[in-house]
$ cat target_9.csv   # CSV, C-alpha atoms
chain,number,residue,atom,x,y,z
R,1,MET,CA,-8.9,188.9,-53.1
R,2,LYS,CA,-9.9,189.2,-49.4
R,3,SER,CA,-6.7,187.3,-48.3
R,4,ALA,CA,-4.5,189.6,-50.4
R,5,ILE,CA,-6.1,192.7,-48.7
R,6,LEU,CA,-5.6,191.0,-45.3
R,7,PHE,CA,-2.0,190.2,-46.1
R,8,PHE,CA,-1.3,193.7,-47.3
R,9,ALA,CA,-2.9,195.1,-44.1
R,10,ILE,CA,-0.8,192.9,-41.9
R,11,LEU,CA,2.3,194.0,-43.7
R,12,THR,CA,1.4,197.7,-43.3
R,13,VAL,CA,1.1,197.2,-39.6
R,14,ALA,CA,4.0,194.8,-39.1
R,15,ILE,CA,6.8,196.4,-41.1
R,16,PRO,CA,6.8,199.8,-39.2
R,17,TRP,CA,6.5,197.8,-35.9
R,18,CYS,CA,9.5,195.6,-36.7
R,19,ALA,CA,11.5,198.6,-37.8
R,20,GLY,CA,10.8,200.2,-34.4
R,21,GLN,CA,12.3,197.1,-32.6
R,22,ASN,CA,15.8,197.9,-33.9
R,23,ALA,CA,18.0,200.1,-31.9
R,24,PRO,CA,17.5,203.7,-33.1
R,25,SER,CA,20.4,205.1,-35.0
R,26,ALA,CA,22.4,208.0,-33.7
R,27,ASN,CA,20.8,210.4,-36.2
R,28,SER,CA,17.2,209.7,-35.3
R,29,SER,CA,14.8,212.5,-36.0
R,30,ALA,CA,13.7,215.0,-33.4
R,31,THR,CA,10.2,213.4,-33.2
R,32,ASP,CA,11.4,210.0,-32.0
R,33,VAL,CA,13.7,211.3,-29.3
R,34,GLU,CA,13.0,209.3,-26.2
R,35,GLU,CA,12.1,210.9,-22.8
R,36,TRP,CA,15.5,210.0,-21.2
R,37,GLN,CA,17.3,211.6,-24.1
R,38,LYS,CA,15.3,214.8,-23.8
R,39,GLN,CA,16.3,214.9,-20.1
R,40,PHE,CA,19.9,214.1,-20.9
R,41,ASP,CA,20.0,216.9,-23.5
R,42,GLN,CA,18.4,219.3,-21.1
R,43,VAL,CA,20.8,218.6,-18.3
R,44,CYS,CA,24.0,218.3,-20.3
R,45,SER,CA,23.4,221.3,-22.5
R,46,LYS,CA,24.3,223.5,-19.6
R,47,THR,CA,27.9,222.5,-19.2
R,48,GLN,CA,29.0,225.8,-20.9
R,49,ASP,CA,27.4,227.8,-18.1
R,50,ALA,CA,28.7,225.6,-15.3
R,51,MET,CA,30.8,228.4,-13.8
R,52,THR,CA,27.8,230.8,-13.6
R,53,PHE,CA,25.6,228.4,-11.5
R,54,SER,CA,25.1,228.6,-7.8
R,55,ALA,CA,25.9,225.6,-5.6
R,56,GLU,CA,22.2,224.8,-5.3
R,57,GLU,CA,21.8,224.8,-9.1
R,58,LEU,CA,24.8,222.6,-9.5
R,59,LYS,CA,23.6,220.1,-6.9
R,60,SER,CA,20.2,219.9,-8.6
R,61,LEU,CA,22.0,219.2,-12.0
R,62,ILE,CA,24.1,216.5,-10.4
R,63,GLN,CA,20.9,214.9,-8.9
R,64,LYS,CA,19.3,215.0,-12.4
R,65,CYS,CA,22.4,213.2,-13.8
R,66,ASP,CA,22.2,210.5,-11.1
R,67,ALA,CA,18.5,210.0,-11.9
R,68,LEU,CA,19.4,209.5,-15.5
R,69,GLU,CA,22.0,206.8,-14.9
R,70,PRO,CA,19.7,203.9,-14.2
R,71,GLN,CA,17.7,204.7,-17.4
R,72,ILE,CA,20.8,204.7,-19.5
R,73,GLN,CA,21.9,201.4,-17.9
R,74,LYS,CA,18.8,199.8,-19.5
R,75,LEU,CA,19.7,200.8,-23.0
R,76,ASP,CA,21.3,198.5,-25.6
R,77,GLU,CA,25.1,197.9,-25.3
R,78,THR,CA,26.2,200.6,-27.7
R,79,ARG,CA,24.0,203.4,-26.5
R,80,LYS,CA,24.8,202.5,-22.9
R,81,LYS,CA,28.5,202.8,-23.7
R,82,VAL,CA,28.1,206.1,-25.5
R,83,PHE,CA,25.7,207.8,-23.1
R,84,LEU,CA,27.3,206.6,-19.8
R,85,ARG,CA,30.5,208.2,-20.9
R,86,ARG,CA,28.8,211.4,-21.9
R,87,LEU,CA,26.8,211.5,-18.6
R,88,GLU,CA,30.0,210.9,-16.7
R,89,GLN,CA,31.7,213.9,-18.4
R,90,CYS,CA,28.7,216.1,-17.8
R,91,ARG,CA,28.2,215.1,-14.1
R,92,GLY,CA,31.9,215.2,-13.6
R,93,LEU,CA,32.1,218.8,-14.7
R,94,TYR,CA,29.2,219.9,-12.5
R,95,THR,CA,30.8,218.1,-9.5
R,96,TYR,CA,34.2,219.7,-10.3
R,97,VAL,CA,32.7,223.2,-10.4
R,98,LEU,CA,30.7,222.7,-7.3
R,99,GLU,CA,33.8,221.5,-5.3
R,100,SER,CA,35.7,224.4,-6.7
R,101,LYS,CA,33.1,226.9,-5.5
R,102,GLU,CA,32.8,225.2,-2.1
R,103,LYS,CA,36.6,225.4,-1.7
R,104,ASP,CA,36.6,229.1,-2.7
R,105,LYS,CA,34.1,229.8,0.1
R,106,LYS,CA,36.4,228.3,2.8
O,1,MET,CA,84.2,170.2,-22.5
O,2,LYS,CA,86.3,173.3,-23.0
O,3,ARG,CA,84.1,174.2,-26.0
O,4,ILE,CA,81.0,174.0,-24.0
O,5,VAL,CA,82.4,176.2,-21.3
O,6,LEU,CA,83.5,178.7,-23.9
O,7,LEU,CA,80.1,178.7,-25.6
O,8,ALA,CA,78.3,179.1,-22.2
O,9,ALA,CA,80.6,182.0,-21.3
O,10,THR,CA,80.0,183.7,-24.7
O,11,LEU,CA,76.3,183.3,-24.3
O,12,ALA,CA,76.4,184.7,-20.8
O,13,LEU,CA,78.1,187.8,-22.1
O,14,VAL,CA,76.2,188.2,-25.3
O,15,LEU,CA,72.6,187.6,-24.2
O,16,PRO,CA,72.4,190.3,-21.6
O,17,ALA,CA,74.0,192.7,-24.0
O,18,LEU,CA,71.4,191.9,-26.6
O,19,SER,CA,68.5,192.3,-24.2
O,20,SER,CA,69.8,195.6,-22.9
O,21,ASP,CA,70.1,196.8,-26.5
O,22,GLU,CA,66.4,195.8,-27.1
O,23,GLY,CA,65.4,197.8,-24.0
O,24,ALA,CA,67.2,200.9,-25.2
O,25,VAL,CA,65.7,201.2,-28.7
O,26,LYS,CA,65.2,204.9,-29.4
O,27,LYS,CA,61.7,205.8,-30.3
O,28,ARG,CA,61.5,207.2,-33.9
O,29,ARG,CA,60.0,210.6,-34.2
O,30,PRO,CA,56.8,210.3,-36.2
O,31,LEU,CA,56.8,212.0,-39.6
O,32,PRO,CA,54.4,214.9,-40.1
O,33,PHE,CA,51.7,212.7,-41.7
O,34,GLU,CA,52.1,210.1,-39.0
O,35,TYR,CA,51.8,212.5,-36.0
O,36,GLY,CA,48.5,211.9,-34.1
O,37,ARG,CA,48.1,208.5,-35.7
O,38,VAL,CA,46.2,206.0,-33.5
O,39,VAL,CA,46.1,202.3,-34.2
O,40,LEU,CA,43.0,200.5,-32.9
O,41,ASN,CA,43.1,196.8,-32.5
O,42,SER,CA,40.5,195.9,-29.8
O,43,TYR,CA,38.7,193.4,-32.1
O,44,SER,CA,40.2,193.8,-35.6
O,45,GLU,CA,42.8,191.0,-35.6
O,46,LYS,CA,40.4,188.7,-33.7
O,47,SER,CA,38.1,189.2,-36.6
O,48,ALA,CA,40.8,188.5,-39.2
O,49,LEU,CA,41.1,192.1,-40.2
O,50,ALA,CA,44.0,194.5,-40.1
O,51,PRO,CA,44.0,197.0,-37.2
O,52,VAL,CA,42.4,200.3,-37.9
O,53,VAL,CA,44.7,203.3,-38.6
O,54,PHE,CA,43.1,206.6,-37.6
O,55,ASP,CA,44.9,209.8,-38.6
O,56,HIS,CA,43.8,212.7,-36.5
O,57,TRP,CA,44.8,215.3,-39.1
O,58,ARG,CA,42.2,214.0,-41.6
O,59,HIS,CA,39.4,214.7,-39.0
O,60,ARG,CA,40.6,217.7,-37.0
O,61,ALA,CA,40.5,220.0,-40.0
O,62,LYS,CA,36.8,219.3,-40.2
O,63,PHE,CA,35.6,218.9,-36.6
O,64,SER,CA,36.4,220.3,-33.2
O,65,CYS,CA,37.9,217.9,-30.6
O,66,ARG,CA,34.6,218.2,-28.6
O,67,VAL,CA,32.4,216.8,-31.4
O,68,CYS,CA,34.3,213.4,-31.3
O,69,HIS,CA,35.5,213.2,-27.7
O,70,VAL,CA,32.4,214.6,-26.0
O,71,ASP,CA,29.4,214.4,-28.3
O,72,ILE,CA,30.3,211.1,-30.1
O,73,GLY,CA,31.9,209.7,-27.0
O,74,PHE,CA,35.4,208.6,-28.1
O,75,ALA,CA,37.7,208.1,-25.1
O,76,MET,CA,40.9,210.1,-24.9
O,77,LYS,CA,43.1,207.0,-24.8
O,78,ALA,CA,43.5,204.7,-27.8
O,79,GLY,CA,41.6,201.5,-27.4
O,80,ALA,CA,39.7,202.7,-24.3
O,81,THR,CA,36.4,203.2,-26.0
O,82,GLY,CA,36.2,199.5,-27.2
O,83,ILE,CA,34.5,200.3,-30.5
O,84,ASN,CA,33.2,197.3,-32.4
O,85,ALA,CA,31.6,196.9,-35.8
O,86,ALA,CA,28.1,196.6,-34.3
O,87,ASP,CA,28.5,200.0,-32.7
O,88,ASN,CA,29.4,201.5,-36.1
O,89,MET,CA,26.6,199.8,-37.9
O,90,ARG,CA,24.1,201.1,-35.3
O,91,GLY,CA,25.2,204.6,-36.2
O,92,TYR,CA,27.5,205.4,-33.3
O,93,TYR,CA,31.2,206.2,-33.0
O,94,CYS,CA,32.7,206.1,-36.6
O,95,GLY,CA,29.2,205.2,-37.9
O,96,THR,CA,27.8,208.5,-36.7
O,97,CYS,CA,29.2,210.1,-39.8
O,98,HIS,CA,30.5,207.2,-41.8
O,99,ASN,CA,27.1,205.7,-42.6
O,100,GLY,CA,27.0,205.8,-46.4
O,101,LYS,CA,24.4,208.7,-46.2
O,102,SER,CA,26.0,211.7,-44.5
O,103,VAL,CA,27.3,214.3,-46.9
O,104,PHE,CA,30.3,216.4,-46.0
O,105,ASP,CA,32.0,218.9,-48.3
O,106,GLY,CA,29.8,217.6,-51.1
O,107,GLN,CA,30.9,214.0,-50.7
O,108,THR,CA,28.9,211.1,-49.3
O,109,LEU,CA,30.9,209.5,-46.5
O,110,PHE,CA,31.6,205.8,-46.9
O,111,GLN,CA,29.9,203.4,-44.5
O,112,ALA,CA,32.1,202.3,-41.7
O,113,CYS,CA,31.1,198.7,-41.2
O,114,SER,CA,28.6,196.3,-42.8
O,115,LYS,CA,27.5,192.7,-42.5
O,116,THR,CA,28.0,191.9,-46.1
O,117,LEU,CA,31.5,191.4,-47.6
O,118,SER,CA,31.7,191.7,-51.4
O,119,ASP,CA,34.9,192.7,-53.1
O,120,GLU,CA,33.8,196.3,-53.1
O,121,ASP,CA,33.1,196.0,-49.3
O,122,ARG,CA,36.5,194.6,-48.7
O,123,MET,CA,38.1,197.7,-50.4
O,124,ARG,CA,35.9,199.9,-48.1
O,125,CYS,CA,37.0,197.9,-45.0
O,126,GLU,CA,40.6,198.5,-46.0
O,127,ARG,CA,40.1,202.3,-45.9
O,128,CYS,CA,40.3,202.0,-42.1
O,129,HIS,CA,41.5,198.5,-41.5
O,130,SER,CA,44.8,199.4,-43.2
O,131,TYR,CA,47.6,198.7,-40.6
O,132,GLY,CA,50.6,197.2,-42.3
O,133,GLN,CA,49.4,198.1,-45.8
O,134,SER,CA,51.3,200.5,-48.1
O,135,ASP,CA,50.8,204.0,-46.7
O,136,ARG,CA,48.9,206.5,-48.8
O,137,GLY,CA,48.8,209.0,-46.0
O,138,ASP,CA,52.0,210.8,-47.1
O,139,ALA,CA,50.7,211.9,-50.5
O,140,ASP,CA,47.2,212.8,-49.0
O,141,PHE,CA,48.9,214.8,-46.3
O,142,LEU,CA,51.2,216.7,-48.6
O,143,ARG,CA,48.2,217.8,-50.7
O,144,PHE,CA,46.2,218.8,-47.6
O,145,ALA,CA,49.1,220.6,-45.9
O,146,GLN,CA,50.0,222.8,-48.9
O,147,ALA,CA,47.7,225.6,-48.1
O,148,LEU,CA,48.1,225.6,-44.3
O,149,PRO,CA,50.4,227.7,-42.2
O,150,LYS,CA,53.5,225.8,-41.1
O,151,GLU,CA,55.0,225.1,-37.7
O,152,ARG,CA,58.1,223.3,-36.6
O,153,PHE,CA,56.9,220.2,-34.9
O,154,GLY,CA,54.2,217.6,-34.8
O,155,ASN,CA,52.2,217.7,-38.1
O,156,GLY,CA,54.4,220.7,-39.0
O,157,LEU,CA,51.2,222.8,-39.2
O,158,ASP,CA,49.8,225.7,-37.2
O,159,TRP,CA,46.3,224.5,-36.7
O,160,GLN,CA,45.2,227.5,-34.6
O,161,GLN,CA,46.4,230.0,-37.2
O,162,ALA,CA,44.8,227.9,-40.0
O,163,GLU,CA,41.5,228.3,-38.2
O,164,GLU,CA,42.0,232.0,-37.5
O,165,LEU,CA,42.8,232.6,-41.2
O,166,GLY,CA,39.7,230.7,-42.2
O,167,ILE,CA,41.5,228.0,-44.0
O,168,ILE,CA,39.9,225.3,-41.9
O,169,HIS,CA,36.4,225.4,-40.4
O,170,PRO,CA,36.2,222.7,-37.7
O,171,ALA,CA,32.4,222.1,-37.1
O,172,ASP,CA,31.3,222.0,-33.5
O,173,PHE,CA,27.9,220.5,-34.0
O,174,VAL,CA,26.7,217.3,-35.6
O,175,PRO,CA,22.9,217.2,-36.1
O,176,GLY,CA,21.3,214.3,-34.1
O,177,ILE,CA,24.3,213.9,-31.9
O,178,SER,CA,25.5,217.2,-30.5
O,179,ILE,CA,23.4,219.1,-27.9
O,180,LYS,CA,22.5,222.7,-28.7
O,181,ARG,CA,24.4,224.8,-26.3
O,182,LYS,CA,24.7,228.5,-25.7
O,183,SER,CA,28.0,230.0,-26.8
O,184,LEU,CA,30.7,229.6,-24.2
O,185,THR,CA,31.6,232.2,-21.6
O,186,ILE,CA,35.4,232.3,-22.0
O,187,GLN,CA,37.3,231.9,-18.8
O,188,GLN,CA,40.3,234.3,-18.4
O,189,ASP,CA,43.8,233.2,-19.4
O,190,PHE,CA,46.2,232.7,-16.5
O,191,ALA,CA,50.0,232.4,-15.9
O,192,LEU,CA,51.7,229.5,-14.3
O,193,SER,CA,55.2,229.9,-12.9
O,194,PRO,CA,57.5,227.0,-13.7
O,195,LYS,CA,59.7,225.5,-11.0
O,196,LEU,CA,62.9,226.1,-13.0
O,197,GLN,CA,64.3,229.5,-12.5
O,198,GLY,CA,64.9,231.5,-15.7
O,199,MET,CA,62.2,229.5,-17.6
O,200,PRO,CA,59.5,231.9,-18.9
O,201,ASP,CA,56.0,231.6,-17.3
O,202,ILE,CA,53.4,229.5,-19.0
O,203,ILE,CA,50.5,231.5,-20.4
O,204,PHE,CA,47.5,229.1,-20.4
O,205,SER,CA,44.8,230.3,-22.8
O,206,HIS,CA,41.4,229.1,-21.8
O,207,LYS,CA,40.1,230.7,-25.0
O,208,LYS,CA,42.3,228.6,-27.3
O,209,HIS,CA,41.4,225.4,-25.4
O,210,THR,CA,37.7,225.9,-24.8
O,211,VAL,CA,36.9,226.7,-28.4
O,212,TRP,CA,37.9,223.3,-29.5
O,213,ASN,CA,37.3,221.2,-26.4
O,214,GLY,CA,34.5,222.8,-24.3
O,215,CYS,CA,34.8,222.4,-20.5
O,216,GLU,CA,34.0,218.7,-19.8
O,217,LEU,CA,36.7,217.2,-22.0
O,218,CYS,CA,39.4,218.5,-19.7
O,219,HIS,CA,37.6,218.9,-16.4
O,220,PRO,CA,37.8,216.7,-14.3
O,221,GLU,CA,39.1,213.8,-16.5
O,222,ILE,CA,42.5,215.4,-17.3
O,223,PHE,CA,42.8,218.3,-14.9
O,224,VAL,CA,41.4,217.2,-11.5
O,225,GLY,CA,42.6,219.9,-9.1
O,226,VAL,CA,39.8,222.3,-8.4
O,227,LYS,CA,41.9,225.1,-7.0
O,228,ARG,CA,44.9,226.6,-8.8
O,229,GLY,CA,48.1,225.5,-7.1
O,230,THR,CA,46.7,222.3,-5.5
O,231,THR,CA,48.0,219.9,-8.2
O,232,ARG,CA,51.8,220.0,-8.7
O,233,TYR,CA,52.3,219.6,-12.4
O,234,SER,CA,55.7,218.5,-13.6
O,235,MET,CA,57.3,218.0,-17.0
O,236,VAL,CA,58.0,214.4,-16.0
O,237,GLY,CA,54.3,213.8,-15.5
O,238,ILE,CA,53.4,215.7,-18.7
O,239,PHE,CA,56.0,213.7,-20.7
O,240,GLU,CA,54.4,210.5,-19.2
O,241,GLY,CA,51.2,211.5,-20.9
O,242,LYS,CA,49.4,213.2,-17.9
O,243,TYR,CA,47.8,216.6,-17.9
O,244,CYS,CA,48.8,218.7,-21.0
O,245,GLY,CA,50.6,215.5,-22.2
O,246,VAL,CA,47.3,213.8,-22.9
O,247,CYS,CA,47.0,215.9,-26.1
O,248,HIS,CA,50.3,217.7,-26.4
O,249,ASN,CA,52.7,214.9,-27.6
O,250,THR,CA,50.0,212.8,-29.2
O,251,VAL,CA,47.8,215.1,-31.3
O,252,ALA,CA,48.3,218.7,-30.5
O,253,PHE,CA,51.8,220.3,-30.9
O,254,PRO,CA,54.4,218.3,-29.0
O,255,LEU,CA,56.2,219.2,-25.8
O,256,THR,CA,59.5,219.9,-27.7
O,257,ASP,CA,57.9,223.1,-28.9
O,258,CYS,CA,58.7,224.7,-25.5
O,259,GLN,CA,58.0,228.4,-26.2
O,260,ARG,CA,54.5,227.9,-27.4
O,261,CYS,CA,53.5,227.4,-23.7
O,262,HIS,CA,56.4,229.1,-21.9
O,263,SER,CA,55.5,232.2,-23.7
O,264,LYS,CA,55.4,235.1,-21.2
O,265,PRO,CA,58.1,237.6,-22.2
O,266,MET,CA,61.0,237.7,-19.7
O,267,GLN,CA,61.8,241.1,-18.1
O,268,ALA,CA,65.4,242.1,-18.4
O,269,GLU,CA,67.1,242.3,-15.1
O,270,GLY,CA,68.0,245.7,-13.6
O,271,LYS,CA,65.2,247.4,-15.5
O,272,GLY,CA,62.9,249.2,-13.3
$ encode --input "target_9.csv" --output "structure tokens"
Amino acid sequence: MKSAILFFAILTVAIPWCAGQNAPSANSSATDVEEWQKQFDQVCSKTQDAMTFSAEELKSLIQKCDALEPQIQKLDETRKKVFLRRLEQCRGLYTYVLESKEKDKK
Amino acid sequence: MKRIVLLAATLALVLPALSSDEGAVKKRRPLPFEYGRVVLNSYSEKSALAPVVFDHWRHRAKFSCRVCHVDIGFAMKAGATGINAADNMRGYYCGTCHNGKSVFDGQTLFQACSKTLSDEDRMRCERCHSYGQSDRGDADFLRFAQALPKERFGNGLDWQQAEELGIIHPADFVPGISIKRKSLTIQQDFALSPKLQGMPDIIFSHKKHTVWNGCELCHPEIFVGVKRGTTRYSMVGIFEGKYCGVCHNTVAFPLTDCQRCHSKPMQAEGKG
């Protein structure tokens, strides 16, 4: 009886742990969003407003994108591929708008 | 000896003629249901599967361009993403929606790829890995296109009007993938003057484009120049698939539909 309880307890601990080892799916719930992804969402959710930002705000967003890149490089192959492209698009837009504003000043 | 010389002379004449004919094969204009079709074969044939046939029309009625090309991360050039079955099984790319769980329009979407391969799975594989198989797209497209406003070229459909009339509702947000964004501040439309005299000006509508694409899909990947007038656009470049030609001639209405871009009314001479 004791060994059955022990076996059951091990299973209860081990199964969720093993499940956590797999790469999270794209549709993971809001509670298990990783820190890098929260930062990514925060930085790249502002692309709509890129034209309204000052040069300083744009520079700060570009720096945040640069800080995210090494974290994304550490992800599994699929997520790395997906999020590096998304980051490139997001950073690219901020850089584009910044250059546009700086050229307008001249 | 004479025969050999004659044969050699005949070959010398015929072979270049044949090869030049090959080089001059006229590209067939795609039929409406084929327009926007992309064939993906980065890994399919290496895995003993037929290449994937992706029809844009099946998806663009349901999702904005941005959902797939920004939020999900599909590249703008066929084959450039390098999607593989593992990516789909992890729930990315096609597997973002095609996961056997997501429900759309009351239907559960089939799972894109799986490790098992029963007879049922094989049929599922062939829904996408269908290159070279008998085409069912024609009948599906005719059914789909019946209710939509018509146009002359491409798919033969006016997608913009279809959305304005509320016939299609392309979603711009996929839970778990898209980022919540504020609604877009629409940039003003502007006119571009063509080099060719007598050709009407192009009215570029930011509104039409940003509603489906957002900003980062076009800038800076497709349109690099930051200041108007710095990049010299040409129809040659556009026909080669640059700038507007990235989408217009592949998925969006083709370049043969001149007056949809060159749309500024011409002023009659002598009126003042």
$ atom_distance --input "target_9.csv" --atom1 "CA of Ile62 in chain R" --atom2 "CA of Arg85 in chain R"
14.8 Å
$ interface_residues --input "target_9.csv" --of "chain O" --to "chain R" --cutoff "8 Å" --atoms "only C-alpha atoms" --output "VMD selection string"
chain O and resid 70 to 73 86 to 87 90 to 92 96 175 to 177 179 to 185 214 to 217 219 to 221 224 226 to 227
$ write_last_selection --input "target_9.csv" --atoms "C-alpha atoms" --output "tab-separated table (two decimals), in the coordinates of the input"
chain	number	residue	atom	x	y	z
O	70	VAL	CA	32.40	214.60	-26.00
O	71	ASP	CA	29.40	214.40	-28.30
O	72	ILE	CA	30.30	211.10	-30.10
O	73	GLY	CA	31.90	209.70	-27.00
O	86	ALA	CA	28.10	196.60	-34.30
O	87	ASP	CA	28.50	200.00	-32.70
O	90	ARG	CA	24.10	201.10	-35.30
O	91	GLY	CA	25.20	204.60	-36.20
O	92	TYR	CA	27.50	205.40	-33.30
O	96	THR	CA	27.80	208.50	-36.70
O	175	PRO	CA	22.90	217.20	-36.10
O	176	GLY	CA	21.30	214.30	-34.10
O	177	ILE	CA	24.30	213.90	-31.90
O	179	ILE	CA	23.40	219.10	-27.90
O	180	LYS	CA	22.50	222.70	-28.70
O	181	ARG	CA	24.40	224.80	-26.30
O	182	LYS	CA	24.70	228.50	-25.70
O	183	SER	CA	28.00	230.00	-26.80
O	184	LEU	CA	30.70	229.60	-24.20
O	185	THR	CA	31.60	232.20	-21.60
O	214	GLY	CA	34.50	222.80	-24.30
O	215	CYS	CA	34.80	222.40	-20.50
O	216	GLU	CA	34.00	218.70	-19.80
O	217	LEU	CA	36.70	217.20	-22.00
O	219	HIS	CA	37.60	218.90	-16.40
O	220	PRO	CA	37.80	216.70	-14.30
O	221	GLU	CA	39.10	213.80	-16.50
O	224	VAL	CA	41.40	217.20	-11.50
O	226	VAL	CA	39.80	222.30	-8.40
O	227	LYS	CA	41.90	225.10	-7.00
$ atom_distance --input "target_9.csv" --atom1 "CA of Lys74 in chain R" --atom2 "CA of Ser60 in chain R"
22.9 Å
$ residues_around --input "target_9.csv" --residues "range 187-200 of chain O" --least-positions-apart "4" --cutoff "7 Å" --atoms "only C-alpha atoms" --output "MDAnalysis selection string"
chainID O and resid 204:207 262:266
$ residues_near_point --input "target_9.csv" --point "(53.7, 216.7, -11.3)" --cutoff "12 Å" --atoms "only C-alpha atoms" --output "ChimeraX atom specification"
/O:194-195,223,225,229-245
$ atom_distance --input "target_9.csv" --atom1 "CA of Cys128 in chain O" --atom2 "CA of Ile167 in chain O"
26.1 Å
$ closest_atom_pairs --input "target_9.csv" --of "range 117-163 of chain O" --to "range 35-55 of chain O" --cutoff "8 Å" --atoms "all atoms listed in the file" --output "JSON lines"
{"residue": "O:Glu126", "atom": "CA", "partner": "O:Ala50", "partner_atom": "CA", "distance": 7.9}
{"residue": "O:Cys128", "atom": "CA", "partner": "O:Val52", "partner_atom": "CA", "distance": 5.0}
{"residue": "O:His129", "atom": "CA", "partner": "O:Val52", "partner_atom": "CA", "distance": 4.1}
{"residue": "O:Ser130", "atom": "CA", "partner": "O:Ala50", "partner_atom": "CA", "distance": 5.9}
{"residue": "O:Tyr131", "atom": "CA", "partner": "O:Pro51", "partner_atom": "CA", "distance": 5.2}
{"residue": "O:Gly132", "atom": "CA", "partner": "O:Ala50", "partner_atom": "CA", "distance": 7.5}
{"residue": "O:Gly154", "atom": "CA", "partner": "O:Tyr35", "partner_atom": "CA", "distance": 5.8}
{"residue": "O:Asn155", "atom": "CA", "partner": "O:Tyr35", "partner_atom": "CA", "distance": 5.6}
$ residues_around --input "target_9.csv" --residues "Ala145 in chain O" --least-positions-apart "2" --cutoff "10 Å" --atoms "only C-alpha atoms" --output "NGL selection string"
:O and (32-33 or 57 or 139-143 or 147-150 or 155-157)
